[in-house]
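Pasted below: input_30.txt, compact mmCIF, C-alpha atoms.
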# COMPACT_ATOMS: atom_id res chain seq x y z
CA MET A 30 36.57 -134.38 57.75
CA SER A 31 34.46 -131.77 56.06
CA GLY A 32 36.04 -128.44 55.21
CA PRO A 33 35.00 -124.99 56.41
CA LYS A 34 31.42 -124.03 55.68
CA VAL A 35 30.70 -121.83 52.69
CA ILE A 36 29.18 -118.42 53.46
CA LYS A 37 26.30 -118.50 51.00
CA SER A 38 25.50 -114.80 51.24
CA LEU A 39 29.12 -113.88 50.50
CA GLU A 40 29.16 -116.32 47.61
CA ARG A 41 26.09 -114.62 46.12
CA GLY A 42 27.66 -111.21 46.63
CA LEU A 43 30.80 -112.28 44.79
CA ARG A 44 28.71 -113.58 41.90
CA VAL A 45 27.06 -110.18 41.56
CA LEU A 46 30.45 -108.43 41.60
CA GLN A 47 31.78 -110.86 38.98
CA ALA A 48 28.75 -110.10 36.81
CA LEU A 49 29.45 -106.37 37.12
CA GLN A 50 33.05 -106.96 36.09
CA MET A 51 31.92 -108.92 33.02
CA GLN A 52 29.26 -106.36 32.11
CA PRO A 53 29.95 -102.88 33.50
CA ASP A 54 27.01 -100.50 33.84
CA SER A 55 24.36 -103.20 34.33
CA SER A 56 20.66 -102.90 35.10
CA LEU A 57 18.98 -104.97 37.83
CA GLN A 58 17.35 -107.13 35.14
CA GLU A 59 20.71 -107.78 33.47
CA LEU A 60 22.29 -108.80 36.79
CA TYR A 61 19.38 -111.14 37.43
CA LEU A 62 19.88 -112.80 34.04
CA LEU A 63 23.65 -113.06 34.54
CA THR A 64 23.57 -114.50 38.06
CA GLY A 65 20.22 -116.25 38.48
CA ILE A 66 19.95 -114.67 41.93
CA SER A 67 16.56 -113.27 42.90
CA LYS A 68 16.10 -109.55 42.40
CA PRO A 69 15.37 -108.81 46.08
CA SER A 70 18.63 -110.57 47.03
CA ILE A 71 20.57 -108.69 44.32
CA LEU A 72 19.16 -105.39 45.61
CA ARG A 73 20.28 -106.20 49.16
CA ILE A 74 23.75 -107.11 47.89
CA LEU A 75 23.99 -103.93 45.83
CA HIS A 76 22.79 -101.79 48.73
CA THR A 77 25.40 -103.34 51.05
CA CYS A 78 28.17 -102.89 48.47
CA ALA A 79 27.08 -99.31 47.78
CA ARG A 80 27.33 -98.45 51.48
CA ALA A 81 30.94 -99.69 51.39
CA GLY A 82 31.70 -97.76 48.20
CA ILE A 83 32.29 -100.95 46.20
CA VAL A 84 29.33 -100.43 43.87
CA THR A 85 27.69 -97.22 42.69
CA ARG A 86 24.41 -96.47 40.93
CA ARG A 87 24.15 -93.76 38.30
CA LEU A 88 21.52 -91.06 38.76
CA GLY A 89 20.91 -90.62 35.05
CA ASP A 90 19.78 -94.15 34.18
CA GLY A 91 19.87 -96.16 37.43
CA ARG A 92 22.50 -98.62 36.16
CA TYR A 93 25.02 -100.20 38.51
CA ARG A 94 28.79 -100.34 38.18
CA ILE A 95 31.88 -101.31 40.14
CA GLY A 96 33.12 -98.34 42.17
CA ALA A 97 36.27 -96.62 40.89
CA MET A 98 37.83 -96.97 44.36
CA LEU A 99 38.57 -100.66 43.61
CA SER A 100 40.92 -99.77 40.77
CA HIS A 101 44.65 -99.61 41.61
CA ALA A 102 45.70 -98.00 38.32
CA PRO A 103 42.72 -96.04 37.05
CA SER A 104 42.18 -95.79 33.31
CA ARG A 105 40.71 -92.66 31.74
CA ARG A 106 37.24 -94.22 32.02
CA GLU A 107 37.77 -95.10 35.67
CA HIS A 108 39.05 -91.56 36.33
CA HIS A 109 35.85 -90.18 34.81
CA ASP A 110 33.80 -92.70 36.82
CA ARG A 111 35.48 -91.42 39.97
CA ILE A 112 34.44 -87.86 39.09
CA ALA A 113 30.89 -89.03 38.32
CA GLU A 114 30.65 -90.92 41.62
CA ALA A 115 31.83 -87.87 43.53
CA ALA A 116 29.43 -85.61 41.64
CA ALA A 117 26.28 -87.73 41.89
CA PRO A 118 25.17 -87.01 45.50
CA ILE A 119 26.15 -83.34 45.19
CA LEU A 120 24.19 -82.85 41.97
CA GLU A 121 21.24 -84.71 43.49
CA ARG A 122 21.18 -82.36 46.48
CA LEU A 123 21.49 -79.36 44.14
CA CYS A 124 18.50 -80.58 42.13
CA GLU A 125 16.48 -81.09 45.32
CA ARG A 126 17.15 -77.49 46.33
CA VAL A 127 16.56 -75.71 43.01
CA SER A 128 14.43 -78.30 41.12
CA TRP A 129 16.18 -77.62 37.79
CA PRO A 130 18.53 -80.42 36.66
CA SER A 131 22.26 -80.55 35.96
CA ASP A 132 24.65 -82.56 33.78
CA LEU A 133 28.26 -83.50 34.46
CA MET A 134 30.45 -83.46 31.34
CA VAL A 135 34.05 -84.61 30.82
CA PRO A 136 36.45 -84.31 27.85
CA ALA A 137 36.30 -87.10 25.26
CA GLY A 138 38.51 -86.09 22.34
CA ASP A 139 36.62 -84.01 19.78
CA HIS A 140 33.60 -83.66 22.08
CA MET A 141 32.50 -83.63 25.70
CA GLN A 142 30.54 -86.52 27.13
CA ILE A 143 27.73 -86.73 29.67
CA ARG A 144 28.89 -88.85 32.62
CA GLU A 145 26.07 -88.07 35.08
CA THR A 146 22.78 -86.18 35.03
CA THR A 147 19.88 -85.36 37.34
CA ARG A 148 17.34 -84.80 34.56
CA ALA A 149 15.37 -87.86 35.67
CA ARG A 150 15.29 -86.48 39.24
CA SER A 151 13.89 -83.06 38.31
CA PRO A 152 10.16 -82.33 38.66
CA PHE A 153 10.38 -80.46 35.35
CA LEU A 154 9.83 -82.65 32.30
CA LEU A 155 12.89 -81.79 30.24
CA GLN A 156 14.39 -83.81 27.41
CA GLN A 157 16.16 -86.82 28.89
CA GLU A 158 19.74 -87.42 27.80
CA ARG A 159 21.58 -90.71 28.12
CA ILE A 160 24.92 -91.24 29.84
CA GLY A 161 27.70 -91.16 27.24
CA LEU A 162 25.96 -88.71 24.90
CA PRO A 163 28.48 -86.55 22.98
CA VAL A 164 28.19 -82.76 23.26
CA ASN A 165 30.07 -80.21 21.16
CA TRP A 166 32.90 -78.17 22.62
CA LEU A 167 32.55 -74.76 21.04
CA TRP A 168 28.81 -74.06 21.11
CA SER A 169 27.90 -75.62 24.46
CA ALA A 170 27.92 -73.96 27.88
CA VAL A 171 29.98 -76.80 29.37
CA GLY A 172 32.50 -76.78 26.53
CA THR A 173 33.24 -73.06 26.73
CA ALA A 174 33.31 -73.16 30.54
CA TYR A 175 35.91 -75.93 30.38
CA LEU A 176 38.06 -74.36 27.66
CA ALA A 177 38.04 -70.94 29.30
CA TYR A 178 39.82 -72.28 32.38
CA CYS A 179 41.83 -75.34 31.30
CA PRO A 180 45.62 -75.11 30.70
CA THR A 181 46.61 -73.36 27.47
CA LYS A 182 48.29 -76.45 26.01
CA GLU A 183 45.19 -78.57 26.57
CA ARG A 184 42.92 -75.94 25.02
CA GLN A 185 45.23 -75.71 22.00
CA ARG A 186 45.16 -79.51 21.53
CA VAL A 187 41.36 -79.46 21.45
CA LEU A 188 41.25 -76.56 18.99
CA ASP A 189 43.89 -78.18 16.75
CA LEU A 190 41.75 -81.31 16.61
CA LEU A 191 38.54 -79.43 15.86
CA ARG A 192 40.19 -77.24 13.23
CA LYS A 193 40.29 -80.26 10.93
CA SER A 194 36.54 -80.84 11.28
CA SER A 195 34.00 -79.80 8.64
CA ARG A 196 31.08 -79.79 11.11
CA PRO A 197 29.35 -76.41 11.54
CA GLU A 198 29.67 -76.57 15.33
CA ASP A 199 33.48 -76.78 15.01
CA ARG A 200 33.91 -73.79 12.68
CA LEU A 201 34.92 -71.47 15.52
CA ALA A 202 38.15 -73.47 15.93
CA ARG A 203 39.30 -71.81 12.68
CA GLU A 204 38.39 -68.35 14.01
CA PRO A 205 40.71 -67.96 17.01
CA GLY A 206 40.15 -64.22 17.42
CA ARG A 207 36.37 -64.62 17.63
CA PHE A 208 36.59 -67.66 19.90
CA ASN A 209 39.03 -65.95 22.27
CA VAL A 210 36.48 -63.16 22.71
CA ILE A 211 33.90 -65.79 23.71
CA LEU A 212 36.29 -67.30 26.28
CA ASP A 213 37.08 -63.85 27.69
CA GLU A 214 33.34 -63.27 28.14
CA VAL A 215 33.05 -66.60 30.00
CA ARG A 216 35.82 -65.58 32.39
CA GLU A 217 34.27 -62.14 32.93
CA ARG A 218 30.80 -63.58 33.68
CA GLY A 219 32.12 -66.56 35.62
CA TYR A 220 30.06 -69.09 33.62
CA GLY A 221 29.59 -70.48 30.12
CA ILE A 222 26.41 -70.19 28.07
CA ARG A 223 25.18 -71.82 24.88
CA ASN A 224 26.12 -70.23 21.59
CA SER A 225 23.08 -68.70 19.89
CA MET A 226 23.61 -71.20 17.05
CA HIS A 227 23.21 -74.14 19.44
CA SER A 228 19.60 -75.10 20.19
CA GLY A 229 20.26 -78.63 21.49
CA GLY A 230 21.01 -82.08 20.16
CA TYR A 231 24.14 -84.21 20.32
CA TYR A 232 27.52 -83.65 18.67
CA GLY A 233 27.50 -84.72 15.03
CA GLY A 234 23.74 -85.30 15.05
CA PRO A 235 20.94 -83.45 13.29
CA PRO A 236 19.85 -80.03 14.63
CA HIS A 237 17.29 -80.37 17.38
CA SER A 238 15.65 -77.62 19.40
CA ASP A 239 15.14 -78.67 23.03
CA GLY A 240 13.75 -75.34 24.28
CA LEU A 241 16.41 -75.01 26.98
CA PHE A 242 18.96 -72.50 28.23
CA SER A 243 21.95 -73.51 30.34
CA ILE A 244 24.81 -72.06 32.33
CA ALA A 245 27.94 -74.03 33.18
CA VAL A 246 31.01 -73.77 35.42
CA PRO A 247 34.27 -75.75 35.36
CA LEU A 248 35.47 -78.24 37.96
CA ARG A 249 38.78 -76.53 38.73
CA ASP A 250 41.40 -78.57 40.59
CA GLY A 251 44.32 -76.17 40.82
CA PRO A 252 45.62 -75.62 37.27
CA ARG A 253 43.63 -78.60 35.97
CA VAL A 254 40.00 -78.79 34.97
CA LEU A 255 38.31 -82.13 35.68
CA GLY A 256 35.11 -81.45 33.77
CA ALA A 257 32.18 -79.04 33.87
CA ILE A 258 28.68 -79.01 35.32
CA ASN A 259 25.68 -77.12 34.05
CA MET A 260 22.19 -76.22 35.13
CA LEU A 261 19.35 -76.29 32.59
CA TRP A 262 15.94 -74.64 32.46
CA LEU A 263 13.14 -73.82 30.05
CA LYS A 264 13.81 -70.71 27.99
CA LYS A 265 10.34 -69.35 28.68
CA ALA A 266 10.88 -69.52 32.45
CA PHE A 267 13.89 -67.19 32.92
CA SER A 268 16.38 -65.12 31.00
CA ILE A 269 19.99 -66.25 31.31
CA GLU A 270 20.89 -63.23 33.45
CA ALA A 271 17.93 -63.71 35.81
CA PHE A 272 18.63 -67.41 36.26
CA ALA A 273 22.34 -66.82 36.91
CA ALA A 274 21.51 -64.14 39.48
CA HIS A 275 19.45 -66.69 41.41
CA HIS A 276 21.49 -69.87 41.00
CA LEU A 277 25.09 -69.24 39.85
CA ALA A 278 26.47 -69.21 43.40
CA GLU A 279 24.86 -72.58 44.15
CA LEU A 280 26.27 -74.05 40.93
CA GLN A 281 29.75 -72.75 41.76
CA ASN A 282 29.52 -74.13 45.29
CA ALA A 283 28.49 -77.53 43.90
CA ALA A 284 31.50 -77.48 41.56
CA ALA A 285 33.88 -76.74 44.45
CA GLU A 286 32.29 -79.48 46.54
CA ILE A 287 32.70 -82.01 43.71
CA VAL A 288 36.39 -81.17 43.31
CA SER A 289 36.95 -81.55 47.08
CA SER A 290 35.19 -84.92 47.02
CA VAL A 291 37.32 -86.13 44.09
CA GLN A 292 40.46 -85.06 45.94
CA ARG A 293 39.43 -87.02 49.05
CA ARG A 294 38.68 -90.12 46.99
CA THR A 295 42.03 -89.87 45.20
CA LYS A 296 43.88 -89.90 48.55
CA ARG A 297 42.24 -93.16 49.70
How does this structure look as structure tokens?
Amino acid sequence: MSGPKVIKSLERGLRVLQALQMQPDSSLQELYLLTGISKPSILRILHTCARAGIVTRRLGDGRYRIGAMLSHAPSRREHHDRIAEAAAPILERLCERVSWPSDLMVPAGDHMQIRETTRARSPFLLQQERIGLPVNWLWSAVGTAYLAYCPTKERQRVLDLLRKSSRPEDRLAREPGRFNVILDEVRERGYGIRNSMHSGGYYGGPPHSDGLFSIAVPLRDGPRVLGAINMLWLKKAFSIEAFAAHHLAELQNAAAEIVSSVQRRTKR
């Protein structure tokens, strides 16, 4: 007697999921090469899995990954993926409303790291940044927004680490009085801004002027801070104060919405 029939469509779907497990953050072309399944079929499988929350697609580069909800014991990376998944649709809606793009950053030791971005979704042609790019703590809007509101012990660990660095962007870690004034100003304004010495570029890289301003707010989950989100625009378009007057409330609302979404996902 013949055994039960194989569900071919399910078999193909499992092959795609296995490929994503072998190579996280895959493009459609990479999944095609790994599985041999036609691209239209892979897209249907990915769309079905995305609707169920099993697979997600990053806004910043369009790559696919296994959803963090499948993990029983999330690692630090999976925890950050969960935040990025929660943030993606909220940041996309924010970009649709205001046109200017946003980045989501999370802590990564001696720097912060981009985990999601809507720069590719903005009608404004700004410098594109890749997922995983390192950003400095002390000169960036996201870094100061995070450090201004995170627990004291966590902030001290970051500063202790940076104090050993010889990089110019870490010098403020050895000037606690001056840096505390900067953090007080962040709390008074309600948002972080770039240090005047920071014109763009990635942490540890050569100086690079990108012609942008940014404001940033933390993702506050009770006493914890999960990360920070910013909003970027061309310097010649608005002053910092004028831009914040128009868009700070929307950025703060997006941050609160992201934290609520992360909390819901954590309870699943």
Report, in Å with one decimal, the straight-line distance from atom CA of A:Ser131 to atom CA of A:Met226.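 It comes out at 21.1 Å.
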For A:Ala113, which residue among A:Gly65, A:Gly256, A:Pro205, A:Gly138 is the nearest when counting all atoms listed in the file?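 That would be A:Gly256, the residue with the smallest distance to A:Ala113.
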Step by step: start from the point (21.5, -108.4, 44.3) in the file's coordinates, keep every protein, DNA or RNA residue that has an atom no farther than 12 Å from it, count all atoms listed in the file, and write the set as a PyMOL selection string. chain A and resi 38-49+55-79+84+93
With a distance cut-off of 6 Å and only C-alpha atoms, select the neighbouring residues of stretch 150-160 of chain A, excluding the residue or stretch itself and same-chain residues fewer than 6 positions from it, and output the selection as a ChimeraX atom specification. /A:128-130,143-144
Mind checking which residues fall within 9 Å of A:Pro163, counting only C-alpha atoms, ignoring those fewer than 5 positions away in the same chain, and posting them as a VMD selection string? chain A and resid 137 140 to 143 231 to 233
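Pairwise distance (atom CA of A:Leu162, atom CA of A:Gly234) equals 10.7 Å.
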Can you tell me how far atom CA of A:Gly230 sits from atom CA of A:Ala149, in Å to one decimal? 17.5 Å
Which one is closest to A:Gln281: A:Ser194, A:Asp54, A:Gln185, A:Arg249? Count all atoms listed in the file.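 Distance minimum relative to A:Gln281 lands on A:Arg249.
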Write out as a PDB file with C-alpha atoms, keeping the file's coordinate frame which residues come within 10 Å of stretch 213-225 of chain A when counting all atoms listed in the file, dropping same-chain ones fewer than 6 positions away.
ATOM      1  CA  LEU A 167      32.550 -74.760  21.040  1.00  0.00           C
ATOM      2  CA  TRP A 168      28.810 -74.060  21.110  1.00  0.00           C
ATOM      3  CA  SER A 169      27.900 -75.620  24.460  1.00  0.00           C
ATOM      4  CA  ALA A 170      27.920 -73.960  27.880  1.00  0.00           C
ATOM      5  CA  VAL A 171      29.980 -76.800  29.370  1.00  0.00           C
ATOM      6  CA  GLY A 172      32.500 -76.780  26.530  1.00  0.00           C
ATOM      7  CA  THR A 173      33.240 -73.060  26.730  1.00  0.00           C
ATOM      8  CA  ALA A 174      33.310 -73.160  30.540  1.00  0.00           C
ATOM      9  CA  TYR A 175      35.910 -75.930  30.380  1.00  0.00           C
ATOM     10  CA  LEU A 176      38.060 -74.360  27.660  1.00  0.00           C
ATOM     11  CA  ALA A 177      38.040 -70.940  29.300  1.00  0.00           C
ATOM     12  CA  TYR A 178      39.820 -72.280  32.380  1.00  0.00           C
ATOM     13  CA  GLU A 198      29.670 -76.570  15.330  1.00  0.00           C
ATOM     14  CA  LEU A 241      16.410 -75.010  26.980  1.00  0.00           C
ATOM     15  CA  PHE A 242      18.960 -72.500  28.230  1.00  0.00           C
ATOM     16  CA  SER A 243      21.950 -73.510  30.340  1.00  0.00           C
ATOM     17  CA  ILE A 244      24.810 -72.060  32.330  1.00  0.00           C
ATOM     18  CA  ALA A 245      27.940 -74.030  33.180  1.00  0.00           C
ATOM     19  CA  VAL A 246      31.010 -73.770  35.420  1.00  0.00           C
ATOM     20  CA  PRO A 247      34.270 -75.750  35.360  1.00  0.00           C
ATOM     21  CA  ALA A 257      32.180 -79.040  33.870  1.00  0.00           C
ATOM     22  CA  ASN A 259      25.680 -77.120  34.050  1.00  0.00           C
ATOM     23  CA  ILE A 269      19.990 -66.250  31.310  1.00  0.00           C
ATOM     24  CA  GLU A 270      20.890 -63.230  33.450  1.00  0.00           C
ATOM     25  CA  ALA A 273      22.340 -66.820  36.910  1.00  0.00           C
ATOM     26  CA  LEU A 277      25.090 -69.240  39.850  1.00  0.00           C
ATOM     27  CA  ALA A 278      26.470 -69.210  43.400  1.00  0.00           C
ATOM     28  CA  LEU A 280      26.270 -74.050  40.930  1.00  0.00           C
ATOM     29  CA  GLN A 281      29.750 -72.750  41.760  1.00  0.00           C
TER      30      GLN A 281
END
For A:Arg200, which residue out of A:Arg253, A:His109, A:Ser228, A:Asn165 is the nearest one, using all atoms listed in the file?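 Using all atoms listed in the file, the shortest distance to A:Arg200 belongs to A:Asn165.
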With distances taken over all atoms listed in the file, which of A:Cys179, A:Trp166, A:Pro236, A:Arg94 is nearest to A:Leu191?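 Of A:Cys179, A:Trp166, A:Pro236, A:Arg94, the one nearest A:Leu191 is A:Trp166, counting all atoms listed in the file.
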From A:Arg126, A:Met134, A:Leu248, A:Pro33, residue lying nearest A:Ser290 [only C-alpha atoms]: A:Leu248
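Distances to A:Ala115 were evaluated for A:Met51, A:Val187, A:Leu133, A:Ala81 using only C-alpha atoms, and the minimum falls at A:Leu133.
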Contacts of A:Leu188 at 9 Å or less, counting all atoms listed in the file, minus same-chain residues fewer than 6 places along, as a PyMOL selection string? chain A and resi 139+199+201-203+205
Would you write out those residues with C-alpha atoms, as a short mmCIF file (atom, residue, chain, number, x, y, z; two decimals), in the coordinates of the input?
data_model
loop_
_atom_site.label_atom_id
_atom_site.label_comp_id
_atom_site.auth_asym_id
_atom_site.auth_seq_id
_atom_site.Cartn_x
_atom_site.Cartn_y
_atom_site.Cartn_z
CA ASP A 139 36.62 -84.01 19.78
CA ASP A 199 33.48 -76.78 15.01
CA LEU A 201 34.92 -71.47 15.52
CA ALA A 202 38.15 -73.47 15.93
CA ARG A 203 39.30 -71.81 12.68
CA PRO A 205 40.71 -67.96 17.01
#
Kindly extract all protein, DNA and RNA residues lying within 7 Å of the coordinates (31.8, -81.6, 40.5) given in the file, considering all atoms listed in the file, and supply them as a PyMOL selection string. chain A and resi 112+115-116+248+258+283-288
